[in-house]
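Chemist: target-v6.cif is reproduced below (mmCIF, C-alpha atoms (C1' of nucleotides)).
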data_query
loop_
_atom_site.label_atom_id
_atom_site.label_comp_id
_atom_site.auth_asym_id
_atom_site.auth_seq_id
_atom_site.Cartn_x
_atom_site.Cartn_y
_atom_site.Cartn_z
CA MET A 263 45.04 82.15 -69.42
CA SER A 264 48.54 81.72 -70.76
CA GLN A 265 51.64 80.68 -68.90
CA ALA A 266 53.51 79.16 -71.83
CA GLN A 267 54.98 81.37 -74.49
CA GLN A 268 53.95 81.83 -78.11
CA LYS A 269 50.47 80.50 -77.44
CA HIS A 270 49.00 83.51 -79.19
CA ASP A 271 50.20 84.92 -82.47
CA VAL A 272 49.84 88.45 -83.70
CA PHE A 273 46.81 87.69 -85.91
CA GLN A 274 44.85 86.39 -82.95
CA ALA A 275 46.07 89.23 -80.79
CA ILE A 276 44.64 91.94 -83.02
CA ALA A 277 41.39 90.07 -83.66
CA ASP A 278 39.75 91.54 -80.56
CA PRO A 279 38.54 95.17 -80.62
CA THR A 280 39.41 95.71 -76.97
CA ARG A 281 42.98 94.62 -77.60
CA ARG A 282 43.25 96.90 -80.64
CA GLU A 283 42.07 99.78 -78.50
CA VAL A 284 44.66 98.92 -75.86
CA LEU A 285 47.36 99.06 -78.53
CA ARG A 286 46.10 102.46 -79.64
CA LEU A 287 46.23 103.75 -76.08
CA LEU A 288 49.73 102.45 -75.54
CA SER A 289 50.84 103.99 -78.82
CA GLN A 290 50.19 107.39 -77.30
CA LYS A 291 51.70 106.81 -73.90
CA GLU A 292 52.95 103.91 -71.82
CA MET A 293 50.81 103.28 -68.77
CA PRO A 294 49.99 100.84 -65.97
CA ILE A 295 47.03 98.50 -66.09
CA SER A 296 44.90 100.58 -63.72
CA LYS A 297 45.19 103.55 -66.07
CA ILE A 298 44.29 101.40 -69.07
CA THR A 299 41.26 99.98 -67.29
CA VAL A 300 39.71 103.42 -66.92
CA TYR A 301 39.08 103.53 -70.66
CA PHE A 302 37.01 100.34 -70.72
CA PRO A 303 33.72 99.17 -69.23
CA ILE A 304 35.22 95.84 -68.12
CA SER A 305 37.13 94.77 -65.03
CA ARG A 306 40.83 95.17 -64.43
CA THR A 307 41.20 91.39 -64.39
CA ALA A 308 39.67 91.15 -67.84
CA ILE A 309 42.11 93.76 -69.11
CA ALA A 310 44.94 91.81 -67.50
CA LYS A 311 44.03 88.81 -69.62
CA HIS A 312 44.04 90.87 -72.78
CA LEU A 313 47.46 92.18 -71.79
CA HIS A 314 48.66 88.59 -71.46
CA VAL A 315 47.53 87.84 -75.00
CA LEU A 316 49.24 90.96 -76.32
CA SER A 317 52.34 90.08 -74.36
CA ASP A 318 52.37 86.55 -75.77
CA ALA A 319 52.33 88.05 -79.24
CA LYS A 320 55.25 90.33 -78.22
CA LEU A 321 53.16 93.38 -78.98
CA ILE A 322 53.66 94.85 -75.52
CA SER A 323 56.02 94.48 -72.60
CA GLY A 324 55.81 95.61 -69.01
CA ARG A 325 58.47 96.81 -66.61
CA LYS A 326 57.88 96.97 -62.89
CA GLU A 327 58.34 100.39 -61.40
CA GLY A 328 57.66 100.56 -57.71
CA ARG A 329 54.27 99.08 -57.13
CA GLU A 330 53.18 99.77 -60.68
CA LYS A 331 53.83 97.79 -63.82
CA ILE A 332 54.17 100.04 -66.82
CA TYR A 333 53.14 98.56 -70.13
CA GLN A 334 54.58 99.78 -73.38
CA LEU A 335 53.93 99.14 -77.04
CA HIS A 336 56.14 96.99 -79.26
CA PRO A 337 54.63 97.32 -82.72
CA GLU A 338 57.25 95.29 -84.61
CA PRO A 339 55.24 92.04 -84.77
CA LEU A 340 52.62 93.92 -86.77
CA GLU A 341 55.07 93.86 -89.63
CA GLU A 342 54.19 90.21 -90.13
CA VAL A 343 50.57 91.20 -90.68
CA GLN A 344 51.55 94.00 -93.00
CA GLN A 345 53.65 91.63 -95.08
CA TRP A 346 50.81 89.16 -95.23
CA ILE A 347 48.42 91.87 -96.36
CA SER A 348 50.86 93.20 -98.93
CA PHE A 349 50.37 90.03 -100.96
CA TYR A 350 46.74 91.01 -101.47
CA GLU A 351 47.40 94.66 -102.20
CA LYS A 352 47.79 93.98 -105.89
CA PHE A 353 44.10 93.06 -106.01
CA TRP A 354 42.84 96.51 -105.07
CA SER A 355 45.45 98.33 -107.11
CA ASN A 356 45.95 101.99 -106.38
CA LYS A 357 48.72 104.54 -106.63
CA LEU A 358 50.33 103.36 -103.42
CA SER A 359 50.56 99.70 -104.25
CA ILE A 360 51.95 100.43 -107.67
CA LEU A 361 54.60 102.61 -106.12
CA LYS A 362 55.36 99.91 -103.61
CA HIS A 363 55.87 97.35 -106.33
CA ILE A 364 58.26 99.67 -108.12
CA VAL A 365 60.25 100.21 -104.95
CA GLU A 366 60.36 96.51 -104.14
CA ASN A 367 61.53 95.57 -107.60
CA ASP A 368 64.10 98.32 -107.36
CA ASP A 369 65.37 96.80 -104.14
CA LYS A 370 65.77 93.37 -105.69
CA ASN A 371 67.64 94.63 -108.74
CA HIS A 372 70.40 96.39 -106.79
CA MET B 230 27.79 78.88 -86.72
CA SER B 231 26.46 82.00 -88.37
CA GLN B 232 23.12 82.61 -89.99
CA ALA B 233 22.95 86.36 -89.35
CA GLN B 234 25.18 88.71 -91.28
CA GLN B 235 28.09 90.81 -90.08
CA LYS B 236 28.66 88.56 -87.09
CA HIS B 237 32.32 88.27 -87.99
CA ASP B 238 34.57 91.12 -88.97
CA VAL B 239 37.68 90.94 -91.11
CA PHE B 240 40.07 90.95 -88.13
CA GLN B 241 38.44 87.86 -86.70
CA ALA B 242 38.25 86.25 -90.11
CA ILE B 243 41.99 86.38 -90.71
CA ALA B 244 42.87 85.34 -87.18
CA ASP B 245 42.67 81.65 -88.05
CA PRO B 246 45.54 80.05 -90.01
CA THR B 247 43.21 77.71 -91.89
CA ARG B 248 41.15 80.65 -93.10
CA ARG B 249 44.27 82.52 -94.19
CA GLU B 250 45.29 79.47 -96.17
CA VAL B 251 41.84 79.31 -97.78
CA LEU B 252 42.24 82.91 -98.86
CA ARG B 253 45.62 82.13 -100.37
CA LEU B 254 44.14 79.23 -102.32
CA LEU B 255 41.26 81.31 -103.62
CA SER B 256 43.67 84.06 -104.62
CA GLN B 257 45.13 81.68 -107.16
CA LYS B 258 41.92 80.21 -108.49
CA GLU B 259 38.26 80.13 -107.60
CA MET B 260 37.05 76.69 -106.60
CA PRO B 261 34.23 74.73 -104.97
CA ILE B 262 34.36 73.56 -101.39
CA SER B 263 35.24 69.99 -102.26
CA LYS B 264 38.36 71.15 -104.06
CA ILE B 265 39.34 73.38 -101.15
CA THR B 266 38.88 70.56 -98.67
CA VAL B 267 41.54 68.45 -100.42
CA TYR B 268 44.22 70.84 -99.18
CA PHE B 269 43.38 70.40 -95.50
CA PRO B 270 43.40 67.57 -92.99
CA ILE B 271 39.95 68.48 -91.65
CA SER B 272 36.43 67.61 -92.74
CA ARG B 273 34.44 69.34 -95.45
CA THR B 274 31.94 70.44 -92.82
CA ALA B 275 34.69 72.19 -90.88
CA ILE B 276 35.83 73.96 -94.04
CA ALA B 277 32.23 74.99 -94.72
CA LYS B 278 32.14 76.78 -91.36
CA HIS B 279 35.35 78.61 -92.13
CA LEU B 280 33.85 79.65 -95.45
CA HIS B 281 30.85 81.05 -93.57
CA VAL B 282 33.12 83.18 -91.43
CA LEU B 283 34.99 84.44 -94.47
CA SER B 284 31.69 85.09 -96.19
CA ASP B 285 30.38 87.04 -93.19
CA ALA B 286 33.44 89.24 -93.44
CA LYS B 287 32.75 89.70 -97.17
CA LEU B 288 36.13 88.23 -98.01
CA ILE B 289 34.66 85.59 -100.28
CA SER B 290 31.45 84.96 -102.17
CA GLY B 291 30.01 81.86 -103.79
CA ARG B 292 27.96 81.46 -106.92
CA LYS B 293 26.04 78.31 -107.65
CA GLU B 294 26.97 76.66 -110.91
CA GLY B 295 25.10 73.45 -111.59
CA ARG B 296 25.48 71.32 -108.53
CA GLU B 297 28.69 73.06 -107.49
CA LYS B 298 29.11 76.28 -105.58
CA ILE B 299 32.17 78.14 -106.70
CA TYR B 300 33.85 80.33 -104.11
CA GLN B 301 35.88 83.34 -105.09
CA LEU B 302 38.07 85.83 -103.30
CA HIS B 303 36.99 89.39 -102.47
CA PRO B 304 40.08 90.95 -100.95
CA GLU B 305 38.70 94.47 -100.55
CA PRO B 306 37.82 94.17 -96.84
CA LEU B 307 41.51 93.60 -96.16
CA GLU B 308 41.99 97.26 -96.89
CA GLU B 309 40.51 98.00 -93.49
CA VAL B 310 43.26 95.95 -91.88
CA GLN B 311 45.90 97.59 -93.99
CA GLN B 312 44.68 101.02 -93.01
CA TRP B 313 44.67 100.04 -89.36
CA ILE B 314 48.22 98.73 -89.66
CA SER B 315 49.39 101.81 -91.51
CA PHE B 316 48.94 103.83 -88.33
CA TYR B 317 51.68 101.75 -86.72
CA GLU B 318 54.02 101.79 -89.69
CA LYS B 319 55.69 104.96 -88.53
CA PHE B 320 57.06 103.02 -85.57
CA TRP B 321 59.22 100.70 -87.64
CA SER B 322 60.19 103.29 -90.19
CA ASN B 323 61.76 102.10 -93.40
CA LYS B 324 62.07 103.26 -96.98
CA LEU B 325 58.60 102.12 -97.87
CA SER B 326 56.72 103.80 -95.07
CA ILE B 327 58.55 107.06 -95.64
CA LEU B 328 57.59 106.94 -99.28
CA LYS B 329 54.04 106.18 -98.35
CA HIS B 330 53.86 109.19 -96.06
CA ILE B 331 55.12 111.40 -98.83
CA VAL B 332 52.55 110.06 -101.23
CA GLU B 333 49.72 110.44 -98.74
CA ASN B 334 50.63 113.99 -97.93
CA ASP B 335 50.89 114.67 -101.62
CA ASP B 336 47.35 113.36 -102.04
CA LYS B 337 45.98 115.65 -99.39
CA ASN B 338 47.65 118.76 -100.75
CA HIS B 339 46.21 118.49 -104.25
"C1'" DT C 186 53.32 99.40 -38.38
"C1'" DT C 187 49.18 99.93 -40.22
"C1'" DG C 188 46.34 100.97 -43.82
"C1'" DA C 189 45.61 102.02 -48.63
"C1'" DC C 190 46.80 101.07 -53.27
"C1'" DA C 191 48.40 98.26 -57.50
"C1'" DT C 192 48.81 94.19 -59.22
"C1'" DG C 193 48.69 89.10 -59.75
"C1'" DA C 194 46.42 84.71 -59.42
"C1'" DA C 195 42.75 81.39 -58.75
"C1'" DA C 196 38.19 79.45 -59.38
"C1'" DC C 197 34.33 79.75 -61.81
"C1'" DC C 198 30.94 80.55 -65.70
"C1'" DA C 199 28.51 81.24 -70.27
"C1'" DA C 200 29.09 81.52 -74.88
"C1'" DA C 201 31.70 80.98 -79.00
"C1'" DA C 202 35.07 78.39 -81.86
"C1'" DG C 203 36.49 74.53 -84.09
"C1'" DG C 204 35.83 70.18 -84.84
"C1'" DT C 205 33.02 65.61 -85.65
"C1'" DG C 206 29.30 62.48 -87.89
"C1'" DT C 207 24.72 62.01 -89.85
"C1'" DT C 208 20.91 63.38 -92.57
"C1'" DA C 209 18.56 66.06 -96.24
"C1'" DT C 210 18.30 68.19 -100.77
"C1'" DA C 211 19.32 69.25 -105.38
"C1'" DA C 212 21.58 68.35 -109.88
"C1'" DT C 213 23.82 65.03 -113.07
"C1'" DA C 214 24.69 60.75 -115.36
"C1'" DT C 215 23.24 56.18 -116.71
"C1'" DA D 6 13.77 56.02 -112.53
"C1'" DT D 7 17.71 55.45 -109.95
"C1'" DA D 8 22.16 55.88 -108.35
"C1'" DT D 9 25.85 59.23 -107.69
"C1'" DT D 10 27.76 63.52 -106.68
"C1'" DA D 11 28.09 68.22 -104.39
"C1'" DT D 12 26.71 70.70 -100.97
"C1'" DA D 13 23.89 72.37 -97.14
"C1'" DA D 14 21.89 71.72 -92.56
"C1'" DC D 15 21.58 69.66 -88.06
"C1'" DA D 16 22.89 67.79 -83.66
"C1'" DC D 17 26.52 67.07 -80.80
"C1'" DC D 18 31.15 67.42 -78.35
"C1'" DT D 19 35.40 69.64 -76.43
"C1'" DT D 20 38.41 73.50 -75.84
"C1'" DT D 21 39.12 78.35 -75.82
"C1'" DT D 22 37.63 83.02 -74.98
"C1'" DG D 23 36.11 86.74 -72.52
"C1'" DG D 24 34.23 87.88 -68.68
"C1'" DT D 25 33.23 87.71 -63.49
"C1'" DT D 26 34.34 87.66 -58.18
"C1'" DT D 27 37.37 86.69 -54.52
"C1'" DC D 28 41.74 86.32 -52.34
"C1'" DA D 29 46.87 87.04 -51.82
"C1'" DT D 30 51.02 89.73 -52.22
"C1'" DG D 31 54.03 93.56 -52.51
"C1'" DT D 32 54.86 98.65 -52.07
"C1'" DC D 33 54.17 103.25 -50.48
"C1'" DA D 34 52.76 106.89 -47.12
"C1'" DA D 35 51.41 108.48 -42.60
#
Let me see the structure of the file written as structure tokens.
Modeler:
Amino acid sequence: MSQAQQKHDVFQAIADPTRREVLRLLSQKEMPISKITVYFPISRTAIAKHLHVLSDAKLISGRKEGREKIYQLHPEPLEEVQQWISFYEKFWSNKLSILKHIVENDDKNH
Amino acid sequence: MSQAQQKHDVFQAIADPTRREVLRLLSQKEMPISKITVYFPISRTAIAKHLHVLSDAKLISGRKEGREKIYQLHPEPLEEVQQWISFYEKFWSNKLSILKHIVENDDKNH
DNA sequence: TTGACATGAAACCAAAAGGTGTTATAATAT
DNA sequence: ATATTATAACACCTTTTGGTTTCATGTCAA
């Protein structure tokens, strides 16, 4: 599905509900693919492909430990999405976004 | 590509770079499809399909005006993405997310 | 060392995505 | 009335996606 790097970006990675659920699982506890698979009605191989996509987007990484490969969350790339979204926040103005604007302007003026 | 409603959700809608660019354009000014098409190297028909996806996700709407159909941005569905992301904010803690937590807790306690 | 377990990799498949060009329809301008 | 413009709708093509099953490899335990 993906041998070359950077074939999938973070926006594509989070587009699939299964992959979002995988991220949620890994946010609670790192685990090997067999453990992850238990939570889904699809095959281990299918999960493996989703893990490849998430790995491409640098959202997870796996370290081999004995015969298992433990996957763990790397949420940093989500910051790109958050920043993208933040541009649109001003359109649904609320207390939070106003505060955010104040803080950001404060940052720039010091 | 999509005659039934709700076939595409907001996560899928923003997964494509072209569609994100369309949103950016419409955030500056509402415009008909022909105007949008000028900004891209692909056909009007291709843009029309992207507009369908965005429309399915309720991110845009179009009103007919004479022989034109003017498309305009509806950013509200992006809030779902923002809320999803906010769960992961605590992992890359910074000034903003700390502030946000304070504000949210404040909301709940009053 | 043999068997069981965990994972990876390959081949395959159906459906969806993203694009094309052509045709049809409705509104405007002359 | 007719030509032009703006868009929608249709048919078609190619690549990607999301899934399957099968097979191979490496590790642990008895």
Chemist: Please determine the residues with any atom at most 10 Å from (27.8, 71.5, -95.2) (coordinates as given in the file, with all atoms listed in the file counting) and report them as a list in words.
Modeler: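 Residues lying no farther than 10 Å from the given point: Ile262, Ser272, Arg273, Thr274, Ala275, Ile276, Ala277 and Lys278 of chain B; DA11, DT12, DA13, DA14 and DC15 of chain D.
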Chemist: Quick check, in Å to one decimal: how far apart do atom CA of B:Leu255 and atom CA of B:Leu302 lie?
Modeler: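 Taking atom CA of B:Leu255 and atom CA of B:Leu302, their separation equals 5.5 Å.
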Chemist: Just need the residues of chain D within 9 Å of chain A, counting all atoms listed in the file, so spit them out as a list in words.
Modeler: DG23, DG24, DT25, DG31, DT32 and DC33 of chain D
Chemist: Could you list the residues in chain A lying within 10 Å of chain B, using all atoms listed in the file, and format the result as a PyMOL selection string?
Modeler: chain A and resi 271-279+282+285-286+289+335-341+343-354+357-359+361-362+365-366
Chemist: For stretch 11-17 of chain D, what centre and edge lengths in Å (one decimal) does the axis-aligned box get once 3 Å is added on each side of all its listed atoms, as lines of an AutoDock Vina configuration file?
Modeler:
center_x = 24.8
center_y = 69.7
center_z = -92.6
size_x = 12.5
size_y = 11.3
size_z = 29.6
Chemist: What is the atom CA of B:Arg248 to atom C1' of C:DA211 distance in Å?
Modeler: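 Those two atoms sit 27.5 Å apart.
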Chemist: Chain C residues within 9 Å of chain B, counting only C-alpha atoms (C1' of nucleotides): which ones, as an MDAnalysis selection string?
Modeler: chainID C and resid 201:205 211:213
Chemist: Interatomic distance between atom CA of A:Gln290 and atom CA of A:Leu321?
Modeler: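 Atom CA of A:Leu321 lies at a distance of 14.4 Å from atom CA of A:Gln290.
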Chemist: Just so the selection is clear, what residues does the PyMOL selection byres ((chain C and resi 196) around 12) cover here, as a ChimeraX atom specification?
Modeler: /C:194-195,197-198 /D:25-28
Chemist: Going by the chain IDs and residue numbers used in this file, which residues fall under the PyMOL selection byres ((chain A and resi 296) around 9)? Write them as an MDAnalysis selection string.
Modeler: (chainID A and resid 293:295 297:300 306 330) or (chainID C and resid 191:192)
Chemist: With only C-alpha atoms (C1' of nucleotides) as the counted atoms, please give the residues lying no more than 10 Å from C:DA214, apart from itself and same-chain residues fewer than 3 positions off, as a list in words.
Modeler: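 Near neighbours after the sequence-gap exclusion: DA8, DT9 and DT10 of chain D.
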Chemist: Please save C-alpha atoms (C1' of nucleotides) of the selected residues as a short mmCIF file (atom, residue, chain, number, x, y, z; two decimals), keeping the file's coordinate frame.
Modeler:
data_model
loop_
_atom_site.label_atom_id
_atom_site.label_comp_id
_atom_site.auth_asym_id
_atom_site.auth_seq_id
_atom_site.Cartn_x
_atom_site.Cartn_y
_atom_site.Cartn_z
"C1'" DA D 8 22.16 55.88 -108.35
"C1'" DT D 9 25.85 59.23 -107.69
"C1'" DT D 10 27.76 63.52 -106.68
#
